[in-house]
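*Asks:* Sharing final13.pdb (PDB, C-alpha atoms) below.
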ATOM      1  CA  MET A   1     -32.378  10.317  12.663  1.00  0.00           C
ATOM      2  CA  PRO A   2     -34.775   7.466  11.852  1.00  0.00           C
ATOM      3  CA  GLY A   3     -35.122   6.087   8.341  1.00  0.00           C
ATOM      4  CA  VAL A   4     -32.733   5.375   5.550  1.00  0.00           C
ATOM      5  CA  ILE A   5     -30.215   8.164   6.070  1.00  0.00           C
ATOM      6  CA  ILE A   6     -27.871   7.471   3.180  1.00  0.00           C
ATOM      7  CA  GLU A   7     -30.778   7.459   0.726  1.00  0.00           C
ATOM      8  CA  ALA A   8     -32.037  10.741   2.178  1.00  0.00           C
ATOM      9  CA  ILE A   9     -28.569  12.290   1.813  1.00  0.00           C
ATOM     10  CA  ALA A  10     -28.336  11.094  -1.788  1.00  0.00           C
ATOM     11  CA  LYS A  11     -31.800  12.498  -2.567  1.00  0.00           C
ATOM     12  CA  VAL A  12     -30.936  15.915  -1.125  1.00  0.00           C
ATOM     13  CA  ALA A  13     -27.581  15.889  -2.965  1.00  0.00           C
ATOM     14  CA  THR A  14     -29.329  15.073  -6.247  1.00  0.00           C
ATOM     15  CA  GLU A  15     -32.354  17.325  -5.969  1.00  0.00           C
ATOM     16  CA  TYR A  16     -30.593  20.253  -4.295  1.00  0.00           C
ATOM     17  CA  SER A  17     -27.080  20.049  -5.718  1.00  0.00           C
ATOM     18  CA  HIS A  18     -26.215  23.522  -4.402  1.00  0.00           C
ATOM     19  CA  THR A  19     -26.823  22.355  -0.811  1.00  0.00           C
ATOM     20  CA  LYS A  20     -23.688  21.503   1.150  1.00  0.00           C
ATOM     21  CA  MET A  21     -24.263  18.911   3.850  1.00  0.00           C
ATOM     22  CA  VAL A  22     -22.446  18.013   7.060  1.00  0.00           C
ATOM     23  CA  ALA A  23     -23.287  14.727   8.786  1.00  0.00           C
ATOM     24  CA  PHE A  24     -23.269  15.154  12.560  1.00  0.00           C
ATOM     25  CA  THR A  25     -23.328  11.605  13.840  1.00  0.00           C
ATOM     26  CA  ALA A  26     -22.426   9.184  16.605  1.00  0.00           C
ATOM     27  CA  SER A  27     -21.203   6.600  14.084  1.00  0.00           C
ATOM     28  CA  SER A  28     -17.434   6.359  13.773  1.00  0.00           C
ATOM     29  CA  SER A  29     -17.722   3.470  11.316  1.00  0.00           C
ATOM     30  CA  LYS A  30     -15.533   4.017   8.260  1.00  0.00           C
ATOM     31  CA  ASP A  31     -18.134   2.255   6.096  1.00  0.00           C
ATOM     32  CA  THR A  32     -20.880   4.612   7.263  1.00  0.00           C
ATOM     33  CA  ALA A  33     -18.623   7.623   6.727  1.00  0.00           C
ATOM     34  CA  ILE A  34     -17.654   6.464   3.227  1.00  0.00           C
ATOM     35  CA  SER A  35     -21.308   5.816   2.356  1.00  0.00           C
ATOM     36  CA  ALA A  36     -22.263   9.280   3.583  1.00  0.00           C
ATOM     37  CA  LEU A  37     -19.459  10.888   1.568  1.00  0.00           C
ATOM     38  CA  GLU A  38     -20.381   8.914  -1.539  1.00  0.00           C
ATOM     39  CA  ALA A  39     -24.023   9.937  -1.063  1.00  0.00           C
ATOM     40  CA  GLY A  40     -23.105  13.607  -1.024  1.00  0.00           C
ATOM     41  CA  VAL A  41     -22.060  14.948   2.377  1.00  0.00           C
ATOM     42  CA  LEU A  42     -18.983  17.145   2.413  1.00  0.00           C
ATOM     43  CA  GLY A  43     -18.495  17.004   6.158  1.00  0.00           C
ATOM     44  CA  TYR A  44     -18.545  14.121   8.607  1.00  0.00           C
ATOM     45  CA  VAL A  45     -18.372  15.178  12.259  1.00  0.00           C
ATOM     46  CA  LEU A  46     -18.703  12.939  15.283  1.00  0.00           C
ATOM     47  CA  LYS A  47     -21.102  13.984  18.040  1.00  0.00           C
ATOM     48  CA  GLY A  48     -18.335  13.867  20.620  1.00  0.00           C
ATOM     49  CA  SER A  49     -16.492  16.648  18.797  1.00  0.00           C
ATOM     50  CA  THR A  50     -15.979  20.088  20.279  1.00  0.00           C
ATOM     51  CA  LEU A  51     -18.129  23.029  19.281  1.00  0.00           C
ATOM     52  CA  GLU A  52     -15.030  24.551  17.665  1.00  0.00           C
ATOM     53  CA  GLU A  53     -14.536  21.445  15.508  1.00  0.00           C
ATOM     54  CA  LEU A  54     -18.173  21.494  14.404  1.00  0.00           C
ATOM     55  CA  ALA A  55     -17.920  25.207  13.560  1.00  0.00           C
ATOM     56  CA  ASP A  56     -14.675  24.577  11.666  1.00  0.00           C
ATOM     57  CA  ALA A  57     -16.307  21.745   9.722  1.00  0.00           C
ATOM     58  CA  ILE A  58     -19.280  23.909   8.766  1.00  0.00           C
ATOM     59  CA  GLN A  59     -16.982  26.733   7.681  1.00  0.00           C
ATOM     60  CA  GLN A  60     -14.776  24.431   5.590  1.00  0.00           C
ATOM     61  CA  VAL A  61     -17.765  22.776   3.930  1.00  0.00           C
ATOM     62  CA  HIS A  62     -19.306  26.204   3.260  1.00  0.00           C
ATOM     63  CA  MET A  63     -16.082  27.119   1.419  1.00  0.00           C
ATOM     64  CA  GLY A  64     -16.373  23.951  -0.670  1.00  0.00           C
ATOM     65  CA  ASP A  65     -13.838  21.807   1.181  1.00  0.00           C
ATOM     66  CA  THR A  66     -14.393  18.366   2.671  1.00  0.00           C
ATOM     67  CA  TYR A  67     -14.106  17.859   6.421  1.00  0.00           C
ATOM     68  CA  LEU A  68     -13.779  14.644   8.426  1.00  0.00           C
ATOM     69  CA  SER A  69     -13.398  14.334  12.171  1.00  0.00           C
ATOM     70  CA  PRO A  70      -9.759  13.395  12.804  1.00  0.00           C
ATOM     71  CA  SER A  71     -10.716  10.198  14.618  1.00  0.00           C
ATOM     72  CA  VAL A  72     -12.361   8.769  11.469  1.00  0.00           C
ATOM     73  CA  SER A  73     -10.309  10.398   8.712  1.00  0.00           C
ATOM     74  CA  ALA A  74      -7.423   7.891   8.663  1.00  0.00           C
ATOM     75  CA  ASN A  75      -9.841   4.945   8.600  1.00  0.00           C
ATOM     76  CA  VAL A  76     -11.889   6.548   5.827  1.00  0.00           C
ATOM     77  CA  VAL A  77      -8.811   7.165   3.675  1.00  0.00           C
ATOM     78  CA  ALA A  78      -7.660   3.563   4.226  1.00  0.00           C
ATOM     79  CA  GLY A  79     -11.158   2.316   3.368  1.00  0.00           C
ATOM     80  CA  LEU A  80     -11.280   4.363   0.162  1.00  0.00           C
ATOM     81  CA  ARG A  81      -7.880   3.042  -0.868  1.00  0.00           C
ATOM     82  CA  GLN A  82      -9.046  -0.507  -0.201  1.00  0.00           C
ATOM     83  CA  GLN A  83     -12.194   0.076  -2.268  1.00  0.00           C
ATOM     84  CA  ALA A  84     -10.123   1.465  -5.145  1.00  0.00           C
ATOM     85  CA  ARG A  85      -7.802  -1.546  -5.019  1.00  0.00           C
ATOM     86  CA  TYR A  86     -10.796  -3.900  -4.894  1.00  0.00           C
ATOM     87  CA  ARG A  87     -12.407  -2.219  -7.918  1.00  0.00           C
ATOM     88  CA  THR A  88      -9.116  -2.672  -9.782  1.00  0.00           C
ATOM     89  CA  MET A  89      -8.963  -6.330  -8.753  1.00  0.00           C
ATOM     90  CA  GLU A  90     -12.515  -6.954  -9.982  1.00  0.00           C
ATOM     91  CA  ARG A  91     -11.434  -5.936 -13.488  1.00  0.00           C
ATOM     92  CA  VAL A  92      -8.481  -8.335 -13.507  1.00  0.00           C
ATOM     93  CA  ARG A  93      -8.897 -11.343 -15.745  1.00  0.00           C
ATOM     94  CA  PHE A  94      -7.126 -14.578 -14.966  1.00  0.00           C
ATOM     95  CA  SER A  95      -6.184 -17.441 -17.224  1.00  0.00           C
ATOM     96  CA  LYS A  96      -7.508 -20.863 -16.258  1.00  0.00           C
ATOM     97  CA  ARG A  97      -4.072 -21.827 -14.931  1.00  0.00           C
ATOM     98  CA  GLU A  98      -3.829 -18.630 -12.868  1.00  0.00           C
ATOM     99  CA  GLU A  99      -7.228 -19.418 -11.351  1.00  0.00           C
ATOM    100  CA  ASP A 100      -6.038 -22.946 -10.574  1.00  0.00           C
ATOM    101  CA  VAL A 101      -2.965 -21.552  -8.802  1.00  0.00           C
ATOM    102  CA  LEU A 102      -5.141 -19.068  -6.879  1.00  0.00           C
ATOM    103  CA  ARG A 103      -7.508 -21.808  -5.708  1.00  0.00           C
ATOM    104  CA  LEU A 104      -4.636 -23.942  -4.468  1.00  0.00           C
ATOM    105  CA  LEU A 105      -3.139 -20.916  -2.722  1.00  0.00           C
ATOM    106  CA  LEU A 106      -6.465 -20.414  -0.973  1.00  0.00           C
ATOM    107  CA  ARG A 107      -6.165 -23.971   0.326  1.00  0.00           C
ATOM    108  CA  GLY A 108      -2.763 -23.111   1.800  1.00  0.00           C
ATOM    109  CA  SER A 109      -0.703 -25.070  -0.696  1.00  0.00           C
ATOM    110  CA  THR A 110       3.013 -24.455  -1.081  1.00  0.00           C
ATOM    111  CA  ASN A 111       4.616 -23.861  -4.489  1.00  0.00           C
ATOM    112  CA  ARG A 112       5.801 -27.488  -4.487  1.00  0.00           C
ATOM    113  CA  GLU A 113       2.287 -28.756  -3.709  1.00  0.00           C
ATOM    114  CA  ILE A 114       0.796 -26.517  -6.405  1.00  0.00           C
ATOM    115  CA  ALA A 115       3.369 -27.781  -8.910  1.00  0.00           C
ATOM    116  CA  ASP A 116       2.569 -31.398  -8.066  1.00  0.00           C
ATOM    117  CA  ALA A 117      -1.203 -30.852  -8.201  1.00  0.00           C
ATOM    118  CA  LEU A 118      -1.037 -29.110 -11.582  1.00  0.00           C
ATOM    119  CA  SER A 119       1.772 -31.211 -13.073  1.00  0.00           C
ATOM    120  CA  LEU A 120       4.038 -28.182 -13.391  1.00  0.00           C
ATOM    121  CA  GLN A 121       7.601 -27.375 -12.501  1.00  0.00           C
ATOM    122  CA  GLU A 122       8.013 -25.408  -9.272  1.00  0.00           C
ATOM    123  CA  LYS A 123       9.770 -22.726 -11.336  1.00  0.00           C
ATOM    124  CA  THR A 124       6.607 -22.360 -13.431  1.00  0.00           C
ATOM    125  CA  VAL A 125       4.503 -21.916 -10.287  1.00  0.00           C
ATOM    126  CA  LYS A 126       6.901 -19.178  -9.156  1.00  0.00           C
ATOM    127  CA  HIS A 127       6.350 -17.493 -12.524  1.00  0.00           C
ATOM    128  CA  TYR A 128       2.575 -17.633 -12.003  1.00  0.00           C
ATOM    129  CA  MET A 129       3.056 -16.154  -8.534  1.00  0.00           C
ATOM    130  CA  SER A 130       4.962 -13.225 -10.065  1.00  0.00           C
ATOM    131  CA  VAL A 131       2.201 -12.721 -12.621  1.00  0.00           C
ATOM    132  CA  LEU A 132      -0.473 -12.801  -9.888  1.00  0.00           C
ATOM    133  CA  ILE A 133       1.460 -10.328  -7.743  1.00  0.00           C
ATOM    134  CA  GLN A 134       1.628  -7.964 -10.697  1.00  0.00           C
ATOM    135  CA  LYS A 135      -1.997  -8.430 -11.798  1.00  0.00           C
ATOM    136  CA  LEU A 136      -3.360  -7.946  -8.284  1.00  0.00           C
ATOM    137  CA  ASP A 137      -1.006  -5.036  -7.581  1.00  0.00           C
ATOM    138  CA  VAL A 138       0.202  -6.538  -4.315  1.00  0.00           C
ATOM    139  CA  ARG A 139       3.642  -7.035  -2.796  1.00  0.00           C
ATOM    140  CA  ASN A 140       3.891 -10.678  -1.804  1.00  0.00           C
ATOM    141  CA  ARG A 141       2.327 -14.129  -1.574  1.00  0.00           C
ATOM    142  CA  VAL A 142       0.349 -13.308   1.579  1.00  0.00           C
ATOM    143  CA  GLU A 143      -1.262 -10.306  -0.125  1.00  0.00           C
ATOM    144  CA  VAL A 144      -2.074 -12.489  -3.157  1.00  0.00           C
ATOM    145  CA  VAL A 145      -3.960 -14.841  -0.826  1.00  0.00           C
ATOM    146  CA  LEU A 146      -5.781 -11.949   0.873  1.00  0.00           C
ATOM    147  CA  ALA A 147      -6.766 -10.477  -2.497  1.00  0.00           C
ATOM    148  CA  ALA A 148      -7.903 -13.882  -3.742  1.00  0.00           C
ATOM    149  CA  GLN A 149     -10.036 -14.303  -0.599  1.00  0.00           C
ATOM    150  CA  GLN A 150     -11.728 -10.971  -1.315  1.00  0.00           C
ATOM    151  CA  LEU A 151     -12.329 -11.937  -4.928  1.00  0.00           C
ATOM    152  CA  GLU A 152     -13.695 -15.328  -3.960  1.00  0.00           C
ATOM    153  CA  SER A 153     -16.031 -13.956  -1.283  1.00  0.00           C
ATOM    154  CA  SER A 154     -17.436 -11.395  -3.727  1.00  0.00           C
ATOM    155  CA  GLY A 155     -17.900 -13.957  -6.480  1.00  0.00           C
ATOM    156  CA  ALA A 156     -15.425 -12.145  -8.729  1.00  0.00           C
ATOM    157  CA  LEU A 157     -13.184 -15.208  -8.827  1.00  0.00           C
ATOM    158  CA  VAL A 158     -15.234 -17.285 -11.242  1.00  0.00           C
ATOM    159  CA  ARG A 159     -14.842 -21.013 -11.049  1.00  0.00           C
ATOM    160  CA  THR A 160     -13.921 -22.269 -14.497  1.00  0.00           C
ATOM    161  CA  SER A 161     -13.068 -25.774 -13.340  1.00  0.00           C
ATOM    162  CA  GLN A 162     -13.684 -28.023 -10.388  1.00  0.00           C
ATOM    163  CA  MET A 163     -10.541 -29.112  -8.614  1.00  0.00           C
ATOM    164  CA  ASN A 164     -10.316 -32.198  -6.410  1.00  0.00           C
TER     165      ASN A 164
END
Show me the file's structure as structure tokens.
*Replies:*
Amino acid sequence: MPGVIIEAIAKVATEYSHTKMVAFTASSSKDTAISALEAGVLGYVLKGSTLEELADAIQQVHMGDTYLSPSVSANVVAGLRQQARYRTMERVRFSKREEDVLRLLLRGSTNREIADALSLQEKTVKHYMSVLIQKLDVRNRVEVVLAAQQLESSGALVRTSQMN
């Protein structure tokens, strides 16, 4: 369908809130599926699906349930979880020292190198790592770096100082 589909879905969902929509599409992109769901569709069915699957989707949506083609459902759930985690991360506030540690982590620095660069004890850097793991709701150093990369690319990691 030509045009701005997501906007059209959102307009129908807003103006005709009683209307239940199923997207029947060739796009298996999780981002497209999430956008369609957020705009107001209750069903997301891929064009390669069987007639029985399409009928099942329409029936489930008619009853008020949400339906996703199995081949996109796992990716959509993972994408929604990632979005929720990202929204949580955006609300996290860091101290200046935590930001300094994050920036050095993004450069690939070890705890020892971070300690030397910031004139800290290595034990203190390990403490900051524990704080960052907790604040970012991640499990380890690698996930701290990945989360920091996301924050930096989105501009949510505000530069409060320039580091050499």
*Asks:* With all atoms listed in the file as the atoms that count, which of A:His18, A:Lys30, A:Lys126, A:Lys11 lies nearest to Leu80 in chain A?
*Replies:*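 The answer is A:Lys30, which sits nearest to Leu80 in chain A.
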*Asks:* Please evaluate the PyMOL selection byres ((chain A and resi 54) around 10) against the structure above and give the resulting residues as a list in words.
*Replies:*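 Checking the PyMOL selection byres ((chain A and resi 54) around 10) against this file, the residues are Val22, Phe24, Gly43, Tyr44, Val45, Leu46, Lys47, Gly48, Ser49, Thr50, Leu51, Glu52, Glu53, Ala55, Asp56, Ala57, Ile58, Gln59, Gln60, Tyr67 and Ser69 of chain A.
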*Asks:* At a cut-off of 9 Å, using only C-alpha atoms, what residues contact Val145 in chain A? Leave out same-chain residues fewer than 6 positions from it and give the result as a list in words.
*Replies:*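 Neighbouring residues, sequence-local ones excluded: Leu102, Leu105, Leu106 and Gly108 of chain A.
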*Asks:* Write out as a list in words which residues come within 8 Å of Val72 in chain A when counting only C-alpha atoms, dropping same-chain ones fewer than 5 positions away.
*Replies:*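 The filter keeps Ser28, Ser29, Lys30 and Ala33 of chain A.
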*Asks:* With distances taken over all atoms listed in the file, which of A:Ala147, A:Ala117, A:Leu132, A:Val61 is nearest to Thr19 in chain A?
*Replies:* A:Val61
*Asks:* Please enumerate the residues selected by the PyMOL selection byres ((chain A and resi 124) around 12) when evaluated against the supplied file, formatted as number ranges by chain.
*Replies:* A: 97-98, 101, 111-112, 114-116, 118-123, 125-131
*Asks:* Residues picked by the PyMOL selection byres ((chain A and resi 21) around 6) here, as a PyMOL selection string?
*Replies:* chain A and resi 20+22+41-42
*Asks:* Create the file for the chosen residues now, containing C-alpha atoms and written as a PDB file, keeping the file's coordinate frame.
*Replies:*
ATOM      1  CA  LYS A  20     -23.688  21.503   1.150  1.00  0.00           C
ATOM      2  CA  VAL A  22     -22.446  18.013   7.060  1.00  0.00           C
ATOM      3  CA  VAL A  41     -22.060  14.948   2.377  1.00  0.00           C
ATOM      4  CA  LEU A  42     -18.983  17.145   2.413  1.00  0.00           C
TER       5      LEU A  42
END
*Asks:* Between CA of Arg103 in chain A and CA of Ala148 in chain A, what is the distance, to one decimal in Å?
*Replies:*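 It comes out at 8.2 Å.
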*Asks:* How many Å separate CA of Ala23 in chain A from CA of Glu38 in chain A?
*Replies:*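 So the answer is 12.2 Å.
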*Asks:* When distances are computed from all atoms listed in the file, which of A:Arg91, A:Gln82, A:Glu113, A:Ser17 shows the smallest separation from Leu146 in chain A?
*Replies:* A:Gln82
*Asks:* Please, what distance in Å, to one decimal, runs between CA of Val77 in chain A and CA of Ile9 in chain A?
*Replies:* 20.5 Å
*Asks:* Nearest to Arg81 in chain A among A:Gly64, A:Glu99, A:Gly40, A:Ile34, with distances taken over only C-alpha atoms: which residue is it?
*Replies:*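 Among the listed residues, the smallest separation from Arg81 in chain A belongs to A:Ile34.
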*Asks:* I'd like the box whose edges run along x, y and z of the file and which contains every listed atom of range 43-49 of chain A, padded by 5 Å per side; could you state its centre and edge lengths in Å, one decimal, as AutoDock Vina command-line options?
*Replies:*
--center_x -18.8 --center_y 15.0 --center_z 13.4 --size_x 14.6 --size_y 14.1 --size_z 24.5
